$ cat upload-v4.txt   # compact mmCIF, C-alpha atoms
# COMPACT_ATOMS: atom_id res chain seq x y z
CA MET A 212 -44.65 -83.38 13.34
CA SER A 213 -47.25 -81.69 15.53
CA LEU A 214 -46.47 -79.56 18.56
CA PHE A 215 -46.41 -82.72 20.69
CA ALA A 216 -43.41 -84.87 19.76
CA GLN A 217 -42.91 -88.60 19.43
CA GLY A 218 -41.10 -90.50 22.12
CA HIS A 219 -43.53 -89.61 24.90
CA THR A 220 -44.09 -92.55 27.20
CA ALA A 221 -47.89 -92.83 27.29
CA CYS A 222 -49.19 -96.41 27.00
CA GLY A 223 -49.84 -97.77 23.52
CA GLY A 224 -53.33 -96.73 22.40
CA CYS A 225 -53.67 -93.99 25.04
CA GLY A 226 -56.41 -91.46 24.24
CA MET A 227 -54.66 -88.59 26.03
CA PRO A 228 -51.87 -87.83 23.49
CA ILE A 229 -54.49 -87.87 20.72
CA ALA A 230 -56.42 -85.18 22.62
CA VAL A 231 -53.24 -83.19 23.30
CA LYS A 232 -52.01 -83.09 19.70
CA LEU A 233 -55.49 -82.02 18.53
CA VAL A 234 -55.76 -79.31 21.19
CA LEU A 235 -52.33 -77.93 20.23
CA GLY A 236 -53.36 -78.17 16.58
CA GLY A 237 -56.32 -75.91 17.33
CA SER A 238 -54.41 -73.56 19.60
CA GLY A 239 -51.27 -73.22 17.47
CA GLU A 240 -47.64 -72.30 18.07
CA ASN A 241 -48.37 -69.15 20.01
CA SER A 242 -49.51 -71.07 23.09
CA ILE A 243 -48.29 -71.48 26.63
CA VAL A 244 -49.41 -74.64 28.42
CA VAL A 245 -49.65 -75.43 32.11
CA SER A 246 -50.09 -79.03 33.19
CA PRO A 247 -50.82 -80.21 36.70
CA THR A 248 -49.53 -83.55 37.95
CA GLY A 249 -50.88 -86.54 36.08
CA CYS A 250 -50.29 -88.94 33.21
CA LEU A 251 -49.65 -86.10 30.79
CA GLU A 252 -46.97 -84.58 32.98
CA VAL A 253 -45.09 -87.82 33.67
CA THR A 254 -45.28 -89.18 30.11
CA SER A 255 -44.36 -85.95 28.32
CA THR A 256 -41.61 -84.60 30.54
CA ARG A 257 -39.40 -87.34 31.88
CA TYR A 258 -36.44 -85.23 32.99
CA PRO A 259 -34.30 -84.13 31.09
CA GLN A 260 -36.64 -84.51 28.11
CA SER A 261 -39.79 -82.81 26.90
CA ALA A 262 -42.30 -83.77 24.21
CA TRP A 263 -43.63 -80.21 24.06
CA GLY A 264 -43.14 -77.92 21.08
CA VAL A 265 -44.62 -74.94 22.96
CA PRO A 266 -43.60 -73.37 26.30
CA TRP A 267 -44.86 -75.66 29.04
CA ILE A 268 -44.77 -75.55 32.81
CA HIS A 269 -45.63 -78.11 35.44
CA SER A 270 -47.55 -76.77 38.42
CA LEU A 271 -48.54 -78.72 41.50
CA PHE A 272 -51.48 -81.11 41.39
CA GLU A 273 -53.84 -78.50 42.80
CA ASN A 274 -52.85 -75.17 41.31
CA ALA A 275 -52.62 -75.35 37.49
CA ALA A 276 -55.45 -72.84 37.09
CA ALA A 277 -53.73 -70.44 39.50
CA VAL A 278 -50.40 -70.72 37.64
CA ALA A 279 -52.19 -70.11 34.31
CA SER A 280 -53.94 -67.09 35.85
CA GLY A 281 -50.54 -65.69 36.79
CA ILE A 282 -49.11 -66.27 33.31
CA GLU A 283 -52.11 -64.60 31.68
CA THR A 284 -51.82 -61.60 34.01
CA ALA A 285 -48.07 -61.29 33.42
CA LEU A 286 -48.61 -61.31 29.63
CA LYS A 287 -51.21 -58.58 30.03
CA VAL A 288 -48.84 -56.43 32.09
CA LYS A 289 -46.06 -56.93 29.54
CA GLY A 290 -48.39 -56.17 26.65
CA LYS A 291 -47.79 -59.56 25.03
CA LYS A 292 -50.31 -61.92 23.50
CA ALA A 293 -50.39 -65.72 23.65
CA ASN A 294 -53.00 -68.42 24.08
CA VAL A 295 -52.74 -69.57 27.68
CA LEU A 296 -54.00 -73.11 28.26
CA VAL A 297 -54.17 -75.62 31.01
CA ILE A 298 -54.19 -79.27 29.93
CA GLY A 299 -54.82 -81.51 32.90
CA GLY A 300 -56.46 -84.78 33.81
CA ASP A 301 -59.78 -85.30 35.55
CA GLY A 302 -58.28 -85.92 38.97
CA ALA A 303 -56.38 -82.62 38.88
CA THR A 304 -59.43 -80.85 37.48
CA VAL A 305 -62.60 -82.12 39.12
CA ASP A 306 -61.12 -83.03 42.51
CA ILE A 307 -57.76 -81.65 43.53
CA GLY A 308 -57.60 -78.47 41.45
CA ILE A 309 -61.25 -77.45 41.49
CA ARG A 310 -60.71 -74.66 44.04
CA ALA A 311 -58.04 -72.97 41.90
CA LEU A 312 -60.16 -73.60 38.80
CA SER A 313 -63.18 -71.96 40.41
CA GLY A 314 -61.03 -68.95 41.34
CA MET A 315 -59.75 -68.64 37.78
CA PHE A 316 -63.33 -68.69 36.48
CA GLU A 317 -64.45 -66.17 39.09
CA ARG A 318 -61.65 -63.70 38.32
CA GLY A 319 -62.35 -63.97 34.60
CA HIS A 320 -58.87 -64.86 33.37
CA ASN A 321 -58.47 -65.28 29.62
CA VAL A 322 -57.42 -68.93 29.85
CA THR A 323 -58.63 -72.09 28.09
CA TYR A 324 -58.79 -74.93 30.58
CA VAL A 325 -58.77 -78.34 28.90
CA CYS A 326 -59.51 -81.44 30.97
CA TYR A 327 -58.63 -84.75 29.34
CA ASP A 328 -61.07 -87.02 31.07
CA ASN A 329 -59.94 -90.64 31.48
CA GLU A 330 -62.25 -91.06 34.44
CA ALA A 331 -59.83 -91.99 37.24
CA TYR A 332 -56.33 -91.36 38.64
CA MET A 333 -54.58 -93.46 36.01
CA ASN A 334 -51.02 -92.29 36.68
CA THR A 335 -51.02 -93.54 40.27
CA GLY A 336 -52.89 -96.79 39.60
CA VAL A 337 -56.55 -96.32 38.70
CA GLN A 338 -57.92 -94.81 41.90
CA ARG A 339 -61.46 -93.45 41.44
CA SER A 340 -61.93 -89.71 40.89
CA GLY A 341 -65.03 -87.55 40.92
CA SER A 342 -65.17 -88.18 37.20
CA THR A 343 -65.30 -91.98 37.48
CA PRO A 344 -68.65 -93.18 36.15
CA TYR A 345 -71.27 -95.11 38.13
CA GLY A 346 -70.63 -98.85 38.18
CA ALA A 347 -66.95 -98.73 37.21
CA SER A 348 -64.50 -100.79 39.22
CA ALA A 349 -61.45 -98.78 40.28
CA THR A 350 -58.77 -99.75 42.82
CA THR A 351 -60.44 -97.57 45.48
CA SER A 352 -63.96 -98.52 44.42
CA PRO A 353 -63.37 -102.20 43.65
CA ALA A 354 -66.20 -104.47 42.60
CA GLY A 355 -66.66 -107.53 44.77
CA LYS A 356 -69.13 -109.37 46.97
CA LEU A 357 -70.19 -106.24 48.82
CA SER A 358 -69.85 -103.67 46.03
CA PHE A 359 -70.73 -103.17 42.38
CA GLY A 360 -67.91 -100.64 42.03
CA GLU A 361 -68.25 -96.86 41.99
CA ASP A 362 -71.61 -96.02 43.56
CA LYS A 363 -71.70 -92.28 42.80
CA PRO A 364 -72.60 -90.76 39.43
CA LYS A 365 -69.92 -89.00 37.40
CA LYS A 366 -69.48 -85.44 38.63
CA ASP A 367 -71.05 -82.95 36.22
CA THR A 368 -68.00 -80.68 35.99
CA PRO A 369 -69.09 -78.85 32.78
CA ALA A 370 -72.25 -77.77 34.66
CA ILE A 371 -70.11 -76.56 37.59
CA ALA A 372 -67.99 -74.56 35.11
CA ALA A 373 -71.10 -73.14 33.43
CA ALA A 374 -72.55 -72.14 36.82
CA HIS A 375 -69.66 -69.65 37.13
CA GLY A 376 -71.21 -67.74 34.22
CA ILE A 377 -68.11 -68.17 32.05
CA PRO A 378 -68.54 -67.48 28.31
CA TYR A 379 -67.69 -70.92 26.92
CA VAL A 380 -68.02 -74.51 28.13
CA ALA A 381 -67.76 -77.52 25.83
CA THR A 382 -67.40 -81.28 25.92
CA ALA A 383 -65.75 -83.38 23.23
CA SER A 384 -64.42 -86.89 22.63
CA VAL A 385 -61.22 -88.08 20.92
CA GLY A 386 -63.52 -90.09 18.65
CA TYR A 387 -64.37 -86.82 16.87
CA PRO A 388 -61.05 -85.06 16.11
CA LYS A 389 -62.34 -82.23 13.91
CA ASP A 390 -64.80 -81.26 16.63
CA ILE A 391 -61.94 -80.88 19.14
CA VAL A 392 -59.88 -78.65 16.83
CA LYS A 393 -62.96 -76.55 16.03
CA LYS A 394 -63.88 -76.08 19.69
CA VAL A 395 -60.33 -75.12 20.72
CA LYS A 396 -60.13 -72.58 17.87
CA LYS A 397 -63.49 -71.16 18.88
CA ALA A 398 -62.40 -70.94 22.53
CA GLN A 399 -59.28 -68.98 21.56
CA GLU A 400 -61.45 -66.34 19.88
CA ILE A 401 -63.50 -65.80 23.03
CA VAL A 402 -62.06 -63.53 25.73
CA GLY A 403 -62.46 -64.86 29.26
CA PRO A 404 -62.29 -68.25 30.94
CA LYS A 405 -63.12 -71.28 28.78
CA TYR A 406 -63.59 -74.89 29.88
CA ILE A 407 -63.36 -77.90 27.53
CA GLN A 408 -63.69 -81.48 28.80
CA ILE A 409 -62.46 -84.16 26.39
CA LEU A 410 -63.18 -87.85 26.92
CA ALA A 411 -59.90 -89.76 26.47
CA PRO A 412 -60.24 -93.55 26.93
CA CYS A 413 -57.50 -95.27 28.95
CA PRO A 414 -56.70 -98.86 27.85
CA THR A 415 -54.84 -99.57 31.10
CA GLY A 416 -57.44 -98.27 33.55
CA TRP A 417 -60.60 -99.17 31.65
CA ARG A 418 -59.08 -102.55 30.74
CA PHE A 419 -59.56 -102.89 27.00
CA ASP A 420 -57.26 -103.50 24.03
CA GLY A 421 -55.47 -100.30 22.98
CA SER A 422 -56.68 -100.60 19.40
CA LYS A 423 -60.27 -99.94 20.57
CA THR A 424 -59.66 -96.44 21.99
CA ILE A 425 -61.44 -94.56 19.20
CA LYS A 426 -64.26 -97.11 19.07
CA LEU A 427 -64.95 -96.57 22.78
CA ALA A 428 -64.58 -92.79 22.50
CA LYS A 429 -67.37 -92.90 19.91
CA LEU A 430 -69.53 -95.43 21.77
CA ALA A 431 -69.53 -93.27 24.91
CA VAL A 432 -71.11 -90.53 22.82
CA GLU A 433 -73.41 -92.83 20.79
CA THR A 434 -74.89 -94.31 23.99
CA ALA A 435 -75.42 -90.80 25.50
CA LEU A 436 -73.23 -91.68 28.49
CA PHE A 437 -70.89 -88.83 27.48
CA PRO A 438 -72.99 -86.12 25.83
CA VAL A 439 -71.12 -83.74 23.53
CA TYR A 440 -72.35 -80.15 23.64
CA GLU A 441 -71.49 -76.46 23.95
CA ILE A 442 -72.71 -73.98 26.56
CA GLU A 443 -72.24 -70.29 25.75
CA ASN A 444 -72.96 -67.73 28.46
CA GLY A 445 -75.05 -70.23 30.38
CA GLU A 446 -77.17 -71.42 27.45
CA ILE A 447 -76.83 -74.79 25.69
CA THR A 448 -76.13 -73.66 22.13
CA LYS A 449 -75.16 -76.87 20.37
CA VAL A 450 -75.42 -80.61 20.96
CA LYS A 451 -74.04 -83.53 18.97
CA LYS A 452 -77.18 -85.39 17.91
CA ILE A 453 -77.27 -89.19 17.90
CA LYS A 454 -79.06 -90.79 14.95
CA GLU A 455 -79.64 -94.21 16.47
CA ARG A 456 -78.79 -94.27 20.13
CA LYS A 457 -77.06 -97.48 21.17
CA PRO A 458 -77.83 -99.41 24.37
CA VAL A 459 -75.25 -98.83 27.14
CA GLU A 460 -74.32 -102.55 27.16
CA GLU A 461 -72.50 -102.06 23.85
CA TYR A 462 -70.16 -99.59 25.53
CA LEU A 463 -69.89 -101.34 28.92
CA LYS A 464 -69.23 -104.87 27.68
CA LEU A 465 -65.97 -103.90 25.93
CA GLN A 466 -64.35 -102.75 29.18
CA GLY A 467 -62.90 -104.77 32.05
CA ARG A 468 -63.88 -102.07 34.55
CA PHE A 469 -67.56 -102.91 33.94
CA LYS A 470 -67.14 -106.70 33.56
CA HIS A 471 -68.68 -107.49 36.97
CA LEU A 472 -71.95 -105.81 35.93
CA PHE A 473 -72.60 -108.64 33.51
CA LYS A 474 -72.29 -111.27 36.25
CA GLU A 475 -73.87 -110.39 39.60
CA ASN A 476 -75.01 -106.83 39.09
CA LYS A 477 -77.17 -106.86 35.98
CA ASP A 478 -79.72 -104.55 37.65
CA GLN A 479 -77.03 -101.85 37.71
CA ILE A 480 -76.89 -101.86 33.90
CA GLU A 481 -80.50 -100.70 33.95
CA VAL A 482 -79.55 -97.90 36.32
CA ILE A 483 -76.78 -96.84 33.90
CA GLN A 484 -79.22 -97.03 30.95
CA LYS A 485 -81.54 -94.68 32.85
CA MET A 486 -78.64 -92.24 33.30
CA ALA A 487 -78.02 -92.32 29.53
CA ASP A 488 -81.76 -91.81 28.89
CA ALA A 489 -81.73 -88.81 31.24
CA ASN A 490 -78.74 -87.32 29.36
CA ALA A 491 -80.53 -87.80 26.04
CA GLU A 492 -83.63 -86.10 27.46
CA LYS A 493 -81.72 -83.22 29.11
CA PHE A 494 -79.65 -82.32 26.02
CA GLY A 495 -82.13 -83.42 23.35
CA LEU A 496 -79.61 -85.85 21.87
CA ASP A 497 -81.95 -88.14 19.94
CA GLY A 498 -82.65 -87.27 16.35
CA MET B 1350 -25.76 -83.83 34.70
CA LYS B 1351 -26.03 -80.06 35.03
CA LEU B 1352 -29.38 -78.82 36.35
CA LEU B 1353 -30.69 -75.63 34.76
CA PRO B 1354 -32.69 -73.12 36.85
CA GLY B 1355 -36.31 -74.25 37.17
CA GLY B 1356 -35.44 -77.61 35.66
CA ILE B 1357 -35.69 -76.16 32.15
CA VAL B 1358 -35.27 -78.64 29.28
CA LYS B 1359 -35.25 -78.29 25.49
CA PRO B 1360 -38.44 -78.80 23.39
CA LYS B 1361 -39.26 -82.05 21.59
CA THR B 1362 -36.30 -83.88 23.12
CA THR B 1363 -38.36 -87.03 23.77
CA VAL B 1364 -37.55 -88.03 20.16
CA ALA B 1365 -34.47 -89.66 21.69
CA ASN B 1366 -36.81 -92.38 23.06
CA LYS B 1367 -37.28 -95.01 20.39
CA THR B 1368 -40.60 -96.29 21.72
CA GLY B 1369 -40.89 -98.66 18.75
CA ALA B 1370 -39.06 -101.16 20.96
CA TRP B 1371 -42.31 -101.56 22.96
CA ARG B 1372 -44.10 -103.04 19.97
CA THR B 1373 -45.43 -106.63 19.76
CA PHE B 1374 -47.57 -106.24 16.63
CA ILE B 1375 -46.44 -104.18 13.67
CA PRO B 1376 -48.81 -102.33 11.29
CA ILE B 1377 -48.23 -103.22 7.63
CA TYR B 1378 -49.74 -100.76 5.12
CA ASP B 1379 -51.16 -101.93 1.78
CA GLU B 1380 -50.90 -99.10 -0.76
CA ASP B 1381 -53.22 -100.90 -3.19
CA LYS B 1382 -56.07 -100.66 -0.68
CA CYS B 1383 -55.20 -97.23 0.78
CA LYS B 1384 -57.72 -94.47 -0.03
CA LYS B 1385 -55.36 -91.72 1.24
CA CYS B 1386 -57.96 -90.43 3.72
CA GLY B 1387 -55.46 -89.78 6.52
CA ILE B 1388 -57.60 -91.19 9.33
CA CYS B 1389 -54.66 -93.30 10.56
CA GLU B 1390 -52.53 -90.17 10.82
CA THR B 1391 -55.23 -88.23 12.70
CA PHE B 1392 -55.76 -90.89 15.35
CA CYS B 1393 -52.16 -92.07 15.88
CA PRO B 1394 -51.36 -91.39 19.57
CA GLU B 1395 -47.65 -91.29 18.74
CA ASP B 1396 -48.20 -88.85 15.88
CA CYS B 1397 -45.63 -90.93 14.00
CA ILE B 1398 -47.39 -91.30 10.64
CA SER B 1399 -46.03 -89.17 7.79
CA VAL B 1400 -47.29 -88.51 4.25
CA ASP B 1401 -45.19 -89.06 1.11
CA GLU B 1402 -45.43 -87.11 -2.17
CA ASN B 1403 -48.13 -89.50 -3.43
CA GLU B 1404 -50.20 -88.96 -0.26
CA PHE B 1405 -49.54 -92.46 1.05
CA ARG B 1406 -49.05 -92.73 4.81
CA HIS B 1407 -46.03 -94.34 6.46
CA PRO B 1408 -45.68 -95.11 10.18
CA ASP B 1409 -42.30 -94.41 11.72
CA TYR B 1410 -41.36 -97.75 13.24
CA ASP B 1411 -38.86 -96.03 15.51
CA PHE B 1412 -41.83 -94.70 17.51
CA CYS B 1413 -44.86 -96.87 16.63
CA LYS B 1414 -45.87 -98.75 19.82
CA GLY B 1415 -48.06 -101.11 17.81
CA CYS B 1416 -51.33 -100.12 19.50
CA GLY B 1417 -53.31 -100.98 16.37
CA ILE B 1418 -55.64 -97.94 16.35
CA CYS B 1419 -54.66 -97.23 12.71
CA ALA B 1420 -55.59 -100.78 11.62
CA GLU B 1421 -58.83 -100.72 13.65
CA GLU B 1422 -59.96 -97.35 12.27
CA CYS B 1423 -58.83 -97.69 8.62
CA PRO B 1424 -62.07 -97.57 6.58
CA ALA B 1425 -60.37 -99.30 3.62
CA ASP B 1426 -58.97 -102.19 5.70
CA ALA B 1427 -55.55 -101.35 4.27
CA ILE B 1428 -53.56 -101.89 7.47
CA GLU B 1429 -52.79 -105.28 8.95
CA MET B 1430 -51.27 -105.91 12.38
CA LYS B 1431 -48.68 -108.67 12.22
CA TYR B 1432 -46.79 -110.35 15.03
CA GLU B 1433 -43.29 -108.96 14.88
CA GLU B 1434 -40.32 -111.28 15.13
CA LYS B 1435 -37.48 -109.45 16.80
CA GLU B 1436 -33.81 -110.20 16.32
$ encode --input "upload-v4.txt" --output "structure tokens"
Amino acid sequence: MSLFAQGHTACGGCGMPIAVKLVLGGSGENSIVVSPTGCLEVTSTRYPQSAWGVPWIHSLFENAAAVASGIETALKVKGKKANVLVIGGDGATVDIGIRALSGMFERGHNVTYVCYDNEAYMNTGVQRSGSTPYGASATTSPAGKLSFGEDKPKKDTPAIAAAHGIPYVATASVGYPKDIVKKVKKAQEIVGPKYIQILAPCPTGWRFDGSKTIKLAKLAVETALFPVYEIENGEITKVKKIKERKPVEEYLKLQGRFKHLFKENKDQIEVIQKMADANAEKFGLDG
Amino acid sequence: MKLLPGGIVKPKTTVANKTGAWRTFIPIYDEDKCKKCGICETFCPEDCISVDENEFRHPDYDFCKGCGICAEECPADAIEMKYEEKE
């Protein structure tokens, strides 16, 4: 058994627990985890139970990075060593907790912040977040006669993290498990704030069959809609190259949240393809 | 129920939840086809697949929610999802 036990109540086929067990696998037993409010919190710690095999604390929605900063400082004062992590969702990271996260980066705390990115507020019922991609239908950006769904591009949170001048920023996808473990291990060897964003498909919110989670986690990368890379001290040091980049339709057509694009809003698929092309160009993904 | 300070609870106590009851389709493993690669184990969101002494994998049906990721990702096509009749 890993450090994340069975009996958690995440939906069947959820990408999040896959990310969590891999992150803990890379970080090891000597870890302390903070989780803000979100799917991970409610599905892993239904009182009086816990799925966690390491010390874990629930903060508020907005202050996980601040709580982790405090834990890291307390360990320092006591002369003790442990890997301090935050594992939180995209809503808690890119919207609600970004102020505390920015402060943690600025103060230089030795904390690894992991965002499992399922691209909306799934726990409360699929409300759009800053991380929701362009064209996706969410309950607060619903597709209909007057809307093609989310009309803002996905917030580039890794770039915001990198702009703080922190030593390590990485993206990853649950489709590539060894890459996640490797990046978490690498992060733990670097002193200072680290930020890792992991794409974790959500069968409930993205509306697809739970057996396709890994397939979609790979397709997001293979279409260049979710580029996988590392930024060290402000420089892009590594990217996951794509041998034969797939058209975005292959990724979009498998998900109910993009279904409307194939009916009335076909022009928007071209817009999304251009976004993927721009990602491929920016990170040099083709090859 | 007695509340502990800070709402502290014991680790890995979710194992009391037998989430296998959620399942509609059950994964059936074919050892003749299995290549012992362990991909099913890596991707299982429930982390409920164990390895025996011959390196064959076995899902724990107490926890398997029947998502079907193991069957979908198995490169040897050694796992079949079958509709489960419940008593």
$ residues_around --input "upload-v4.txt" --residues "B:Ile1375" --least-positions-apart "6" --cutoff "7 Å" --atoms "all atoms listed in the file" --output "VMD selection string"
chain B and resid 1415 1430 to 1433
$ closest_atom_pairs --input "upload-v4.txt" --of "stretch 361-422 of chain A" --to "stretch 235-258 of chain A" --cutoff "6 Å" --atoms "only C-alpha atoms" --output "CSV"
residue,atom,partner,partner_atom,distance
A:Val392,CA,A:Gly237,CA,4.5
A:Val395,CA,A:Gly237,CA,5.3
A:Lys396,CA,A:Gly237,CA,5.1
$ atom_distance --input "upload-v4.txt" --atom1 "atom CA of B:Gly1369" --atom2 "atom CA of A:Gly224"
13.1 Å
$ closest_atom_pairs --input "upload-v4.txt" --of "chain A" --to "chain B" --cutoff "6 Å" --atoms "all atoms listed in the file" --output "CSV"
residue,atom,partner,partner_atom,distance
A:Ala216,CA,B:Lys1361,CA,5.3
A:Gln217,CA,B:Val1364,CA,5.4
A:Gly218,CA,B:Thr1363,CA,4.7
A:His219,CA,B:Thr1363,CA,5.9
A:Gly223,CA,B:Cys1416,CA,4.9
A:Gly224,CA,B:Cys1416,CA,4.9
A:Pro228,CA,B:Pro1394,CA,5.3
A:Ile229,CA,B:Pro1394,CA,4.8
A:Pro259,CA,B:Val1358,CA,5.9
A:Gln260,CA,B:Thr1362,CA,5.0
A:Ser261,CA,B:Thr1362,CA,5.3
A:Ala262,CA,B:Lys1361,CA,4.4
A:Trp263,CA,B:Lys1361,CA,5.3
A:Gly264,CA,B:Pro1360,CA,5.3
A:Gly421,CA,B:Cys1416,CA,5.4
A:Ser422,CA,B:Ile1418,CA,4.2
$ atom_distance --input "upload-v4.txt" --atom1 "atom CA of A:Pro266" --atom2 "atom CA of A:Thr220"
19.2 Å
$ residues_around --input "upload-v4.txt" --residues "stretch 352-367 of chain A" --least-positions-apart "4" --cutoff "12 Å" --atoms "only C-alpha atoms" --output "compact mmCIF listing (two decimals) with C-alpha atoms, in the coordinates of the input"
# COMPACT_ATOMS: atom_id res chain seq x y z
CA ASP A 301 -59.78 -85.30 35.55
CA GLY A 302 -58.28 -85.92 38.97
CA THR A 304 -59.43 -80.85 37.48
CA VAL A 305 -62.60 -82.12 39.12
CA ASP A 306 -61.12 -83.03 42.51
CA ILE A 309 -61.25 -77.45 41.49
CA ASP A 328 -61.07 -87.02 31.07
CA ASN A 329 -59.94 -90.64 31.48
CA GLU A 330 -62.25 -91.06 34.44
CA ALA A 331 -59.83 -91.99 37.24
CA TYR A 332 -56.33 -91.36 38.64
CA VAL A 337 -56.55 -96.32 38.70
CA GLN A 338 -57.92 -94.81 41.90
CA ARG A 339 -61.46 -93.45 41.44
CA SER A 340 -61.93 -89.71 40.89
CA GLY A 341 -65.03 -87.55 40.92
CA SER A 342 -65.17 -88.18 37.20
CA THR A 343 -65.30 -91.98 37.48
CA PRO A 344 -68.65 -93.18 36.15
CA TYR A 345 -71.27 -95.11 38.13
CA GLY A 346 -70.63 -98.85 38.18
CA ALA A 347 -66.95 -98.73 37.21
CA SER A 348 -64.50 -100.79 39.22
CA ILE A 371 -70.11 -76.56 37.59
CA ALA A 372 -67.99 -74.56 35.11
CA ALA A 373 -71.10 -73.14 33.43
CA ALA A 374 -72.55 -72.14 36.82
CA THR A 382 -67.40 -81.28 25.92
CA GLN A 408 -63.69 -81.48 28.80
CA LEU A 436 -73.23 -91.68 28.49
CA PHE A 437 -70.89 -88.83 27.48
CA PRO A 438 -72.99 -86.12 25.83
CA GLY A 467 -62.90 -104.77 32.05
CA ARG A 468 -63.88 -102.07 34.55
CA PHE A 469 -67.56 -102.91 33.94
CA LYS A 470 -67.14 -106.70 33.56
CA HIS A 471 -68.68 -107.49 36.97
CA LEU A 472 -71.95 -105.81 35.93
CA PHE A 473 -72.60 -108.64 33.51
CA LYS A 474 -72.29 -111.27 36.25
CA GLU A 475 -73.87 -110.39 39.60
CA ASN A 476 -75.01 -106.83 39.09
CA LYS A 477 -77.17 -106.86 35.98
CA ASP A 478 -79.72 -104.55 37.65
CA GLN A 479 -77.03 -101.85 37.71
CA ILE A 480 -76.89 -101.86 33.90
CA VAL A 482 -79.55 -97.90 36.32
CA ILE A 483 -76.78 -96.84 33.90
CA LYS A 485 -81.54 -94.68 32.85
CA MET A 486 -78.64 -92.24 33.30
CA ALA A 487 -78.02 -92.32 29.53
CA ASN A 490 -78.74 -87.32 29.36
$ closest_residue --input "upload-v4.txt" --among "A:Ser313, A:Asn321, A:Gln399, A:Asn334" --to "A:Pro369" --atoms "only C-alpha atoms"
A:Ser313
$ residues_around --input "upload-v4.txt" --residues "stretch 444-447 of chain A" --least-positions-apart "6" --cutoff "10 Å" --atoms "only C-alpha atoms" --output "PyMOL selection string"
chain A and resi 370+372-381+494
$ atom_distance --input "upload-v4.txt" --atom1 "atom CA of A:Tyr324" --atom2 "atom CA of A:Val297"
4.7 Å
$ closest_residue --input "upload-v4.txt" --among "B:Ala1427, B:Lys1435, B:Lys1351, B:Asn1403" --to "B:Glu1380" --atoms "only C-alpha atoms"
B:Ala1427
$ residues_around --input "upload-v4.txt" --residues "B:Glu1429" --least-positions-apart "6" --cutoff "7 Å" --atoms "all atoms listed in the file" --output "PDB file with C-alpha atoms, keeping the file's coordinate frame"
ATOM      1  CA  PRO B1376     -48.810-102.330  11.290  1.00  0.00           C
ATOM      2  CA  ILE B1377     -48.230-103.220   7.630  1.00  0.00           C
ATOM      3  CA  TYR B1378     -49.740-100.760   5.120  1.00  0.00           C
ATOM      4  CA  ALA B1420     -55.590-100.780  11.620  1.00  0.00           C
TER       5      ALA B1420
END
$ axis_aligned_box --input "upload-v4.txt" --around "stretch 320-339 of chain A" --padding-each-side "6 Å" --output "JSON"
{"center_x": -56.6, "center_y": -80.8, "center_z": 35.0, "size_x": 23.2, "size_y": 43.9, "size_z": 25.8}
$ residues_around --input "upload-v4.txt" --residues "A:Glu433" --least-positions-apart "4" --cutoff "10 Å" --atoms "only C-alpha atoms" --output "ChimeraX atom specification"
/A:427-429,437-439,451-459,461-462,487,496-497
$ closest_residue --input "upload-v4.txt" --among "A:Ala230, A:Ile307, A:Ile442, A:Leu430" --to "A:Lys389" --atoms "all atoms listed in the file"
A:Ala230
